[in-house]
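Chemist: After the structure tokens below, expect a handful of questions from me.
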Amino acid sequence: MHTDTHAIYVRDLRKNYVVSEREAGILASVRSLVRRRTRTVAAVDGISFDVAPGEVVGFLGPNGAGKTTTLKMLSGLLYPDGGELAVLGFTPSRRDRDYLRQIALVMGQRNQLAWDIPAADSFELNRAIYRIPHDEYRRTLKELDELLELGELIRKPVRNLSLGERMKCEIAAALLHRPKVLFLDEPTIGLDVTMQRRIRSFLAAYNRRFGATVLLTSHYMADVEALCRRVIVIHHGRLLFDGELSDLVQRFSPHKTIVVELEDPEADLRPYGEIVSREEGRVTLRVPKSATPVVTGRLLADLPISDLTVEDPPIEDVIEHVFSQEAVQSVP
Amino acid sequence: MRALIDYYYAQLKNTFAIQAQYRVALIIWLIGTVLQPVIYLVVWTTVAQAGAVGGYTAGDFAAYFIVLMLVDHLTFSWIFYEFEHRVRQGALSPLLLRPLHPIHKDIADNITYKLLTLPVLLSAAVLMALAFRPAFETSGWALALFIPALLLGFAVRFVVEWTLGLAAFWTTRVSALNHLYYVAVLFLSGQIAPLSLFPEPIRVAAALLPFRWTVAFPVELLIGRLSFEAALQGLAAQLVWLVLGLLLLWRTWRAGVRRYSAVGA
């Protein structure tokens, strides 16, 4: 069966939400007392993918794309409306104890640690909940302490910790029972750059050391770039891309960006490439990758240029491009 | 089983540490807990000065309301309030991720609260007894049966309220249901007046529903208002309600969790 080769097996997964619709205004409010108009939104609209044990996969997508909903179905929080789903051979929505003992979900926007007491106390509670033998618990805690540099943090009430410190403790708490599959939903949201980097390197180290399968959602490209070779792009509940990040860039953005600062703001750059933006003597051009050296040479030769930069388009732009393409494709 | 006890111990420790930090809130709640029976007690004992009402003298009323205060406190839960927040704000998610039924946390939290507040409440009861001179008459078997009656009363009330809280999976207006329920509890569990003072239809309703068996029955039992047969019948009724309640809880929970939409990240 698919359990032998796949840690995660997803086929045509679906989840719908019923949303009530109402216009603004008093009359609409009164009308809604009598009749509630609802609309069904497909948050996840038939996605399929497999993940092998030990893989680190990134889920990319804008807000509302369906990545968090997918993760919640994988961790058993939500009941799917269609499709097949198996993680470690279990059906997540049945929430078998044996299944829950092997997974963890860290939610960047929700605390699972008790607010008023030190994290160490919540760790103890997790030890009891997950029935971790005492010596194994001590060993794991020590390792997590080293990898995450927790130190005295765990003895302070969680409400006294900064966002980054709290996130480290949340992640530690989720890993005490050495889950085989780790789901992370926007784990670095709101953190400063240093802390983001620290957490990313921790997750990479954890995956290497313990071979846990990691599924991570983010709308920070940096998270995905740093951690995941494999990327799944989701938009409007549909899977747009599943493969290596480098392929994504290659396939969806065969362009480079040239930013030019001109001494003569009136110069017409249209012959050189597609003008993306133009403001006060600084023009951003988009040119095919292969043509970049030639265009750059011509620009430098033909025009009075005070500065010129050649960049890869920000991956956010690539993704946006992917999404806009999808929008075009879906028009019948 | 051993693992479950291990969990309860760990959870009780944590909840104790958390609740103990909210000393002021605890005191305010306790004032409310004492004030209500005191007010009814004053009213009824005043009424009874002119003569016994429905078989209750002033001293009987005092005994009734002091014991009621303790029994009500020991059987109450706040889970009905909390479920709306859990479902609508998605606070249930962390509990659903645990390989442990969420009800255990609520039981542990409930027990911790009672342990923390019981000393204060017992002291209040002693003071009330000194002030209002209850006429307290009980027997050996009544005392012995009181313990299981109290435990069963707590179990029935907890199970019923936990199940009612699950309505949050189906409706967003749980607070309204909540208010309705508490009005019913007020009247039908004997908190405004002993049930024997109410007209027949109300007494029947209270006996057919679980309300009489949660609070009124243990109180009446302890203060010697029930015959031995009535006491045994009461215990049986409590058991029936417990079994019914557990069945309803189990089915409703399974149906409700499927509808959970885990909002709010």
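Here, A, B, ... name the chains of the structure tokens in the order displayed, residue numbers run from 1 inside each chain, and ligands are numbered from 1 in the same displayed order.
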Once you count only C-alpha atoms, which residues of chain B turn out to be within 12 Å of chain A? Could you give them as a PyMOL selection string?
Modeler: chain B and resi 1-22+87+89-102+104-105+254-265
Chemist: Enumerate as a count of residues only all residues of segment 7-158 of chain B assigned to helix (DSSP H, G or I) by DSSP on the backbone, naming them with the chain letters and numbers the document uses.
Modeler: 122
Chemist: Tell me, as a PyMOL selection string, which residues lie within 10 Å of Ser201 of chain A, counting only C-alpha atoms; anything in the same chain fewer than 6 positions away does not count.
Modeler: chain A and resi 147-148+195+207+223+226-227
Chemist: Would you list the contacts of His235 of chain A as a list in words, taking every protein, DNA or RNA residue within 7 Å and counting only C-alpha atoms, but skipping same-chain residues closer than 2 positions in sequence?
Modeler: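 Once the adjacent positions are removed, what remains is Gly61, Pro62, Ala65, Gly66, Val233, Gly237, Arg238, Leu239, Leu240 and Phe323 of chain A.
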Chemist: If I take atom CA of Leu215 of chain A and atom CA of Val56 of chain A, how far is one from the other in Å, to one decimal?
Modeler: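 These atoms are spaced 6.0 Å apart.
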Chemist: With DSSP run on the backbone, what are the strand (DSSP E) residues within segment 110-294 of chain A? I'd like them as a PDB file with C-alpha atoms, in the first residue's frame.
Modeler:
ATOM      1  CA  VAL A 181       6.100  14.141  10.680  1.00  0.00           C
ATOM      2  CA  LEU A 182       6.325  17.799  11.528  1.00  0.00           C
ATOM      3  CA  PHE A 183       3.855  20.313  10.142  1.00  0.00           C
ATOM      4  CA  LEU A 184       4.757  23.971  10.462  1.00  0.00           C
ATOM      5  CA  ASP A 185       2.286  26.681   9.593  1.00  0.00           C
ATOM      6  CA  THR A 213       9.434  14.576   7.423  1.00  0.00           C
ATOM      7  CA  VAL A 214       8.825  18.306   7.407  1.00  0.00           C
ATOM      8  CA  LEU A 215       5.999  20.179   5.723  1.00  0.00           C
ATOM      9  CA  LEU A 216       6.254  23.895   6.004  1.00  0.00           C
ATOM     10  CA  THR A 217       3.922  26.630   4.803  1.00  0.00           C
ATOM     11  CA  SER A 218       5.061  30.145   4.401  1.00  0.00           C
ATOM     12  CA  ARG A 230      11.026  20.786  -3.116  1.00  0.00           C
ATOM     13  CA  VAL A 231       8.293  23.333  -3.361  1.00  0.00           C
ATOM     14  CA  ILE A 232       4.564  23.006  -3.839  1.00  0.00           C
ATOM     15  CA  VAL A 233       2.781  26.114  -4.993  1.00  0.00           C
ATOM     16  CA  ILE A 234      -0.893  26.429  -4.126  1.00  0.00           C
ATOM     17  CA  HIS A 235      -3.289  29.089  -5.249  1.00  0.00           C
ATOM     18  CA  ARG A 238      -5.259  24.247  -6.591  1.00  0.00           C
ATOM     19  CA  LEU A 239      -1.770  22.921  -7.037  1.00  0.00           C
ATOM     20  CA  LEU A 240       0.156  25.041  -9.506  1.00  0.00           C
ATOM     21  CA  PHE A 241       3.608  23.584  -9.237  1.00  0.00           C
ATOM     22  CA  ASP A 242       5.311  20.666  -7.519  1.00  0.00           C
ATOM     23  CA  GLY A 243       9.028  20.305  -7.977  1.00  0.00           C
ATOM     24  CA  GLU A 244      12.381  21.856  -7.266  1.00  0.00           C
ATOM     25  CA  HIS A 255      13.489  36.831 -17.362  1.00  0.00           C
ATOM     26  CA  LYS A 256      15.914  39.051 -15.600  1.00  0.00           C
ATOM     27  CA  THR A 257      15.421  42.568 -14.322  1.00  0.00           C
ATOM     28  CA  ILE A 258      17.686  45.458 -15.247  1.00  0.00           C
ATOM     29  CA  VAL A 259      17.432  48.588 -13.142  1.00  0.00           C
ATOM     30  CA  VAL A 260      18.908  51.609 -14.855  1.00  0.00           C
ATOM     31  CA  GLU A 261      19.548  55.056 -13.479  1.00  0.00           C
ATOM     32  CA  LEU A 262      19.722  57.600 -16.267  1.00  0.00           C
ATOM     33  CA  GLU A 274       9.743  45.626 -21.462  1.00  0.00           C
ATOM     34  CA  ILE A 275       9.447  48.597 -19.118  1.00  0.00           C
ATOM     35  CA  VAL A 276       8.188  47.483 -15.719  1.00  0.00           C
ATOM     36  CA  SER A 277       8.362  50.809 -13.970  1.00  0.00           C
ATOM     37  CA  ARG A 278       9.660  54.281 -14.515  1.00  0.00           C
ATOM     38  CA  GLU A 279      10.207  56.963 -11.920  1.00  0.00           C
ATOM     39  CA  ARG A 282      15.176  55.239 -12.722  1.00  0.00           C
ATOM     40  CA  VAL A 283      13.761  52.664 -15.090  1.00  0.00           C
ATOM     41  CA  THR A 284      13.192  48.998 -14.452  1.00  0.00           C
ATOM     42  CA  LEU A 285      13.338  46.782 -17.513  1.00  0.00           C
ATOM     43  CA  ARG A 286      12.438  43.169 -17.937  1.00  0.00           C
ATOM     44  CA  VAL A 287      14.400  41.254 -20.548  1.00  0.00           C
ATOM     45  CA  PRO A 288      14.664  37.589 -21.515  1.00  0.00           C
TER      46      PRO A 288
END
Chemist: Could you check which of B:Tyr64, B:Pro199, B:Val204, B:Ala193 is closest to Ala129 of chain B, using only C-alpha atoms?
Modeler: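 Counting only C-alpha atoms, the residue closest to Ala129 of chain B is B:Tyr64.
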